[in-house]
Amino acid sequence: MKFVLPCVRLFFNVALLGCSAGMLTASSARADEPVLSSLTPPGVQRGVVTEIQFNGARLADAREVLIYHTSAGAAVEPTTKIEVTDVVAEGDNIVKAKLTVPADFPPGLLGVRLATATGISDMRHLGITALPQFPEVEPNSDFDAPQAVAMNSTLYGVVTNEDVDYFAVDLAEGQTLTVELEGLRLGTEFFDPSVTILDDKRFEVASSDDAPLLQQDCVCSMQAPRAGRYIVEVRESSFGGNERCQYRVHIGDFPRPLVVIPAGGRPGELLAATLVDASGQTWTEQIQLPDTTGDFEFTASRGGGVAPSPNRIRVIDFPNALETEPDSDHATLVAVDSPVAFNGVLQEPDDVDWFKLNGKKDQTLEFTVFARRSLRSPTDSWLEIYNAAGGLLASNDDSGGPDSLLSFKFPEDGVYLVAIRDQLREGSSRHAYRIEVAPPQASLSLSIDELVRYQSQTVEVPQGASMAVVLRVQRANFAGDLNLNLDEAPAGLQLSTSTIAANQSFIPLLITAAPDAPVDAALAPLRVATVVDAQPALHGALNQRTQLVSGQNRVDMWGHNADRLAIAVTEPMPFSIELVQPQVPIVRNGSANFHVKVKRNEGYNEPIALRVLYNSGGCAASGSVRVEPDQSEALVPVTANANAEIGSFPMTILARAKRTNSDAWVATNFINFEVADSFFEYQFVTTVVEPGASNSIAVGLQIKSPPEGEVDFELLGLPAGVSSTAPIVKLEGEMTQLTFPISVAADARVGKFQTLVIKATIRRPAGEIVQTQGTGEIQIVAPVPTATPAVAAAPAAPPPPPTEKPLSRLEQLRQAKQLLQTQ
């Protein structure tokens with residue numbers, strides 16, 4: 001069944017998970033699915049076969065390892081893939097598998113998950129190195145007895161509380177030593193590592209705590225001042241740590257560029273770039289850019305060595321304009337047209353780089369800075385636009401996240417100046433930036449709403465059943481219908497719809513598995529494209545953020561962006577579930593029930609928790625209903641407020657229940673949930689009555705549309721001590737008023753009560769429609785007391801003579817001063 005949704009607001013039934021104010025990794029919040037806690041070792045060497053131990057919980061039915069070979073926004077995918085063989089579960093907590101990485105596979109970090117017969121685990125990062133890798137060997141916490149290692153090696157280990165690991169290398173005079181460490185980036189723990197290079201007398205030669213290029217991880221480099229032994233110290237920056245603080249440290253004389261200038265180029269271009277290394281060395285290199293746009297992950301190689309991780313280079317069809325020093329004389333700058341990409345480096349503190357741009361009256365351009373966000377430069381950008389006379393027109397700090405983003409409309413034809421500096425006036429050879437200037441660009445992307453907050457959504461579909469997610473589309477600078485494609489998914493899966501209408505900002509997506517679909521899992525590309533006849537189509541893809549490490553207040557410290565959906569066909573659930581199609585609509589100010597039926601397998605008597613996938617605008621369904629163990633059906637209450645969105649919405653109920661030793665999700669079929677306008681309007685007037693008396697409550701009635709059924713109006717909300725002898729009135733003909741006789745007990749409490757509501761029940765052969773609306777007011781007032789003869793009042797006493805107010809100390813001083821002045 002295919003539904004077309006109006007563009008509406010959604011109100012979600014999100015399960016909130018409690019957490020401490022400390023630092024958390026993503027797995028700490030997962031309770032039911034397979035859990036992947038860590039990998040041992042946390043990385044592999046390319047060109048060899050490595051056995052990896054996957055550590056976690058509920059892994060006894062593990063079947064395969066899922067590897068994200070790229071991240072969202074990548075310009076290209078690796079031409080070769082990692083081969084996984086011999087996946088064997090050794091109990092509930094350990095899975096082993098052999099990974100073969102092609103010899104030409106680029107170094108870096110990849111997301112991995114485990115797929116079991118009943119679900120998909122959370123994500124961890126797997127490191128790929130070009131160097132031989134070895135474990136740390138304890139004891140290595142004594143400076144005088146470090147672990148000796150060969151140059152150009154990768155070591156992996158764990159930093160426990162107050163632990164310090166020492167590694168020793170022998171260097172020739174002038175030989176370069178570079179150290180890069182992966183700690184936080186492995187995604188197993190909030191780990192703030194520190195690396196120090198010491199000489200044999202324990203004097204510090206180089207150190208690194210938080211390298212901007214590597215988030216909170218480390219990179220440092222030095223040239224040996226003399227031949228001898230040098231010690232690499234690895235620890236947690238504040239001497240903390242625990243068994244989850246894994247690291248990989250690369251030690252050698254490999255290249256480690258911190259900056260690539262320019263930081264971008266055109267598709268297919270042979271980019272002439274300058275690379276600034278951690279060692280302080282610079283060199284030029286011709287970099288072949290891919291033919292597709294996006295973020296190109298460039299891995300530097302030089303002198304037989306390979307960088308441990310890539311540098312990002314923007315690939316977009318804009319010409320480059322490079323800064324030229326000195327640029328403080330604006331008359332020497334050459335004006336360029338847009339689109340264009342300005343590239344440069346803030347070489348020293350207080351450095352300001354200037355560019356000149358041609359602008360046209362009423363033309364709008366977007367100025368997008370790439371520094372910390374994509375290039376991982378230390379530049380904290382501050383962007384300014386001036387007219388030719390030097391008058392400031394616009395500025396921005398960090399509207400683009402950590403970088404500047406500015407949309408500017410030129411007031412007139414002419415030449416304009418663009419200035420960029422560091423917010424804190426810092427500068428160095430590493431403070432690179434790129435400013436892309438162009439008219440607003442059309443863009444398109446997809447995201448999937450989380451069912452559990454802070455947990456990226458995977459989709460597990462039991463055999464013969466369904467699962468549902470809310471798929472949201474982000475359009476920029478265009479509108480139109482979209483085609484949806486889920487490629488490379490497991491066999492036997494079917495989508496409820498393959499289109500997204502122009503007026504839709506989301507769709508509830510139902511995915512169904514055939515009863516005979518094989519149990520399988522995949523990372524499936526989820527893509528979308530515009531529906532066009534002649535012009536080129538606009539393409540977009542899933543961009544799903546997985547938060548691997550969280551800081552205080554759940555701040556996203558490190559994670560992974562994927563363009564593929566982790567999806568699986570799993571073993572069947574021990575029950576089937578159905579959502580019954582309502583035969584009448586819910587109305588504004590109305591209430592209804594979703595009717596859920598369950599068919600249990602023989603002997604299955606677990607409770608089944610129910611919740612809606614989403615609430616249409618202005619509607620709210622209960623999230624606390626269960627199908628109890630001895631029951632086969634349940635009603636989920638739903639209400640619509642006075643401004644509920646009118647229309648038809650595809651609705652499904654999600655069920656959460658134990659399958660074997662853990663819970664799993666499953667979705668009902670879609671129903672057509674119809675929200676209609678209310679049938680009646682009421683005009684309440686205040687009713688006043690005394691205790692012990694009788695009266696009538698009169699309510700004006702407006703019939704907005706024919707109810708097409710028998711209608712009862714019931715008066716609700718009478719205060720204590722007030723009753724109606726006829727609380728229900730039937731609709732007859734063209735009624736314009738409802739009258740409810742009431743009587744008030746003699747001891748009824750006096751007061752004002754704004755509690756009256758009218759519940760209208762429309763009875764049709766197909767079902768009942770309920771509309772409840774208020775509020776009316778009843779006032780119970782005390783009887784007016786009987787008048788008594790007036791008594792003459794005694795003459796009032798004369799007022800006391802006025803007393804002189806004593807002077808304050810300040811007034812006394814002022815008075816004394818005045819006396820002195822008159823003498």
# chains A, B, ... in the order shown; residues from 1 in each chain; ligands from 1
$ residues_around --residues "stretch 588-604 of chain A" --least-positions-apart "4" --cutoff "7 Å" --atoms "only C-alpha atoms" --output "list in words"
Pro574, Phe575, Ser576, Ile577, Glu578, Leu579, Val580, Ser632, Glu633, Ala634, Leu635, Val636, Pro637, Val638, Thr639, Ala640, Asn641, Ala642, Asn643, Ala644, Ala676, Asp677, Ser678, Val770, Gln771, Thr772 and Gln773 of chain A
$ write_last_selection --atoms "N, CA and C atoms" --output "PDB file, in the first residue's frame"
ATOM      1  N   PRO A 574       8.576 -14.979  17.894  1.00  0.00           N
ATOM      2  CA  PRO A 574       7.659 -16.030  18.354  1.00  0.00           C
ATOM      3  C   PRO A 574       6.201 -15.572  18.412  1.00  0.00           C
ATOM      4  N   PHE A 575       5.877 -14.543  17.659  1.00  0.00           N
ATOM      5  CA  PHE A 575       4.493 -14.086  17.579  1.00  0.00           C
ATOM      6  C   PHE A 575       4.340 -13.269  16.305  1.00  0.00           C
ATOM      7  N   SER A 576       3.131 -13.097  15.875  1.00  0.00           N
ATOM      8  CA  SER A 576       2.824 -12.173  14.782  1.00  0.00           C
ATOM      9  C   SER A 576       1.902 -11.095  15.333  1.00  0.00           C
ATOM     10  N   ILE A 577       1.884  -9.951  14.676  1.00  0.00           N
ATOM     11  CA  ILE A 577       1.156  -8.813  15.208  1.00  0.00           C
ATOM     12  C   ILE A 577       0.427  -8.100  14.086  1.00  0.00           C
ATOM     13  N   GLU A 578      -0.768  -7.599  14.399  1.00  0.00           N
ATOM     14  CA  GLU A 578      -1.602  -6.938  13.396  1.00  0.00           C
ATOM     15  C   GLU A 578      -2.199  -5.672  13.989  1.00  0.00           C
ATOM     16  N   LEU A 579      -2.224  -4.620  13.197  1.00  0.00           N
ATOM     17  CA  LEU A 579      -2.904  -3.390  13.557  1.00  0.00           C
ATOM     18  C   LEU A 579      -4.182  -3.321  12.733  1.00  0.00           C
ATOM     19  N   VAL A 580      -5.330  -3.294  13.418  1.00  0.00           N
ATOM     20  CA  VAL A 580      -6.631  -3.338  12.755  1.00  0.00           C
ATOM     21  C   VAL A 580      -6.935  -1.976  12.136  1.00  0.00           C
ATOM     22  N   SER A 632      -4.143 -11.437  24.063  1.00  0.00           N
ATOM     23  CA  SER A 632      -3.829 -11.522  22.635  1.00  0.00           C
ATOM     24  C   SER A 632      -4.202 -10.235  21.905  1.00  0.00           C
ATOM     25  N   GLU A 633      -4.576  -9.204  22.641  1.00  0.00           N
ATOM     26  CA  GLU A 633      -4.878  -7.937  22.001  1.00  0.00           C
ATOM     27  C   GLU A 633      -4.766  -6.815  23.028  1.00  0.00           C
ATOM     28  N   ALA A 634      -4.688  -5.586  22.509  1.00  0.00           N
ATOM     29  CA  ALA A 634      -4.602  -4.413  23.376  1.00  0.00           C
ATOM     30  C   ALA A 634      -5.080  -3.200  22.601  1.00  0.00           C
ATOM     31  N   LEU A 635      -5.508  -2.199  23.355  1.00  0.00           N
ATOM     32  CA  LEU A 635      -5.929  -0.930  22.772  1.00  0.00           C
ATOM     33  C   LEU A 635      -4.919   0.147  23.167  1.00  0.00           C
ATOM     34  N   VAL A 636      -4.454   0.889  22.183  1.00  0.00           N
ATOM     35  CA  VAL A 636      -3.510   1.977  22.414  1.00  0.00           C
ATOM     36  C   VAL A 636      -4.264   3.291  22.260  1.00  0.00           C
ATOM     37  N   PRO A 637      -4.507   4.030  23.348  1.00  0.00           N
ATOM     38  CA  PRO A 637      -5.259   5.289  23.252  1.00  0.00           C
ATOM     39  C   PRO A 637      -4.503   6.333  22.430  1.00  0.00           C
ATOM     40  N   VAL A 638      -5.256   7.094  21.634  1.00  0.00           N
ATOM     41  CA  VAL A 638      -4.689   8.173  20.845  1.00  0.00           C
ATOM     42  C   VAL A 638      -5.641   9.354  20.897  1.00  0.00           C
ATOM     43  N   THR A 639      -5.099  10.551  20.993  1.00  0.00           N
ATOM     44  CA  THR A 639      -5.909  11.771  21.043  1.00  0.00           C
ATOM     45  C   THR A 639      -5.444  12.734  19.964  1.00  0.00           C
ATOM     46  N   ALA A 640      -6.356  13.624  19.579  1.00  0.00           N
ATOM     47  CA  ALA A 640      -6.051  14.677  18.606  1.00  0.00           C
ATOM     48  C   ALA A 640      -6.443  16.010  19.220  1.00  0.00           C
ATOM     49  N   ASN A 641      -5.550  16.989  19.184  1.00  0.00           N
ATOM     50  CA  ASN A 641      -5.884  18.280  19.760  1.00  0.00           C
ATOM     51  C   ASN A 641      -6.655  19.146  18.769  1.00  0.00           C
ATOM     52  N   ALA A 642      -6.948  20.376  19.171  1.00  0.00           N
ATOM     53  CA  ALA A 642      -7.814  21.239  18.364  1.00  0.00           C
ATOM     54  C   ALA A 642      -7.171  21.654  17.050  1.00  0.00           C
ATOM     55  N   ASN A 643      -5.829  21.546  16.954  1.00  0.00           N
ATOM     56  CA  ASN A 643      -5.129  21.962  15.740  1.00  0.00           C
ATOM     57  C   ASN A 643      -4.461  20.793  15.026  1.00  0.00           C
ATOM     58  N   ALA A 644      -4.947  19.597  15.271  1.00  0.00           N
ATOM     59  CA  ALA A 644      -4.338  18.415  14.662  1.00  0.00           C
ATOM     60  C   ALA A 644      -4.354  18.521  13.137  1.00  0.00           C
ATOM     61  N   ALA A 676      -9.805  13.956  10.872  1.00  0.00           N
ATOM     62  CA  ALA A 676     -10.797  14.843  10.267  1.00  0.00           C
ATOM     63  C   ALA A 676     -11.066  16.031  11.184  1.00  0.00           C
ATOM     64  N   ASP A 677     -11.756  17.024  10.630  1.00  0.00           N
ATOM     65  CA  ASP A 677     -12.129  18.176  11.424  1.00  0.00           C
ATOM     66  C   ASP A 677     -13.233  17.783  12.408  1.00  0.00           C
ATOM     67  N   SER A 678     -13.364  18.560  13.466  1.00  0.00           N
ATOM     68  CA  SER A 678     -14.413  18.283  14.447  1.00  0.00           C
ATOM     69  C   SER A 678     -15.791  18.530  13.830  1.00  0.00           C
ATOM     70  N   VAL A 770     -15.523   9.945  18.760  1.00  0.00           N
ATOM     71  CA  VAL A 770     -15.650  10.670  20.031  1.00  0.00           C
ATOM     72  C   VAL A 770     -14.974  12.023  19.909  1.00  0.00           C
ATOM     73  N   GLN A 771     -15.706  13.075  20.257  1.00  0.00           N
ATOM     74  CA  GLN A 771     -15.165  14.429  20.315  1.00  0.00           C
ATOM     75  C   GLN A 771     -15.451  14.992  21.698  1.00  0.00           C
ATOM     76  N   THR A 772     -14.404  15.411  22.389  1.00  0.00           N
ATOM     77  CA  THR A 772     -14.544  15.957  23.739  1.00  0.00           C
ATOM     78  C   THR A 772     -13.984  17.364  23.749  1.00  0.00           C
ATOM     79  N   GLN A 773     -14.829  18.323  24.191  1.00  0.00           N
ATOM     80  CA  GLN A 773     -14.409  19.716  24.090  1.00  0.00           C
ATOM     81  C   GLN A 773     -14.942  20.506  25.273  1.00  0.00           C
TER      82      GLN A 773
END
$ select_by_dssp --residues "stretch 135-179 of chain A" --states "strand (DSSP E or B)" --output "list in words"
Pro135, Gln147, Ala148, Ser153, Thr154, Leu155, Tyr156, Gly157, Val158, Val164, Asp165, Tyr166, Phe167, Ala168, Val169, Asp170, Leu171, Thr176, Leu177, Thr178 and Val179 of chain A
$ write_last_selection --atoms "C-alpha atoms" --output "compact mmCIF listing (two decimals), in the first residue's frame"
# COMPACT_ATOMS: atom_id res chain seq x y z
CA PRO A 135 51.24 -5.89 21.00
CA GLN A 147 59.86 -2.22 25.39
CA ALA A 148 62.30 -2.14 22.49
CA SER A 153 56.09 -0.34 13.65
CA THR A 154 52.54 -0.16 14.95
CA LEU A 155 52.04 -1.07 18.61
CA TYR A 156 48.67 -1.71 20.24
CA GLY A 157 47.85 -1.81 23.91
CA VAL A 158 45.73 -0.59 26.81
CA VAL A 164 52.44 4.59 31.51
CA ASP A 165 53.81 2.56 28.59
CA TYR A 166 57.36 3.11 27.31
CA PHE A 167 58.75 2.08 23.92
CA ALA A 168 62.40 2.49 22.90
CA VAL A 169 63.84 3.11 19.42
CA ASP A 170 67.42 3.67 18.29
CA LEU A 171 68.02 6.65 16.01
CA THR A 176 63.34 11.81 11.90
CA LEU A 177 61.05 10.15 14.41
CA THR A 178 57.28 10.66 14.00
CA VAL A 179 54.68 9.22 16.36
$ residues_around --residues "A:Val48" --least-positions-apart "5" --cutoff "12 Å" --atoms "only C-alpha atoms" --output "ChimeraX atom specification"
/A:43,82-83,98-105,128-133
$ closest_residue --among "A:Leu718, A:Cys245, A:Leu213, A:Ile316" --to "A:Ala278" --atoms "only C-alpha atoms"
A:Leu213
$ closest_residue --among "A:Ala521, A:Ala760, A:Ala476, A:Val750" --to "A:Ile120" --atoms "only C-alpha atoms"
A:Ala521
$ atom_distance --atom1 "atom CA of A:Met735" --atom2 "atom CA of A:Ala720"
29.3 Å
$ closest_residue --among "A:Ala172, A:Ala698, A:Thr85, A:Arg229" --to "A:Asp144" --atoms "only C-alpha atoms"
A:Arg229
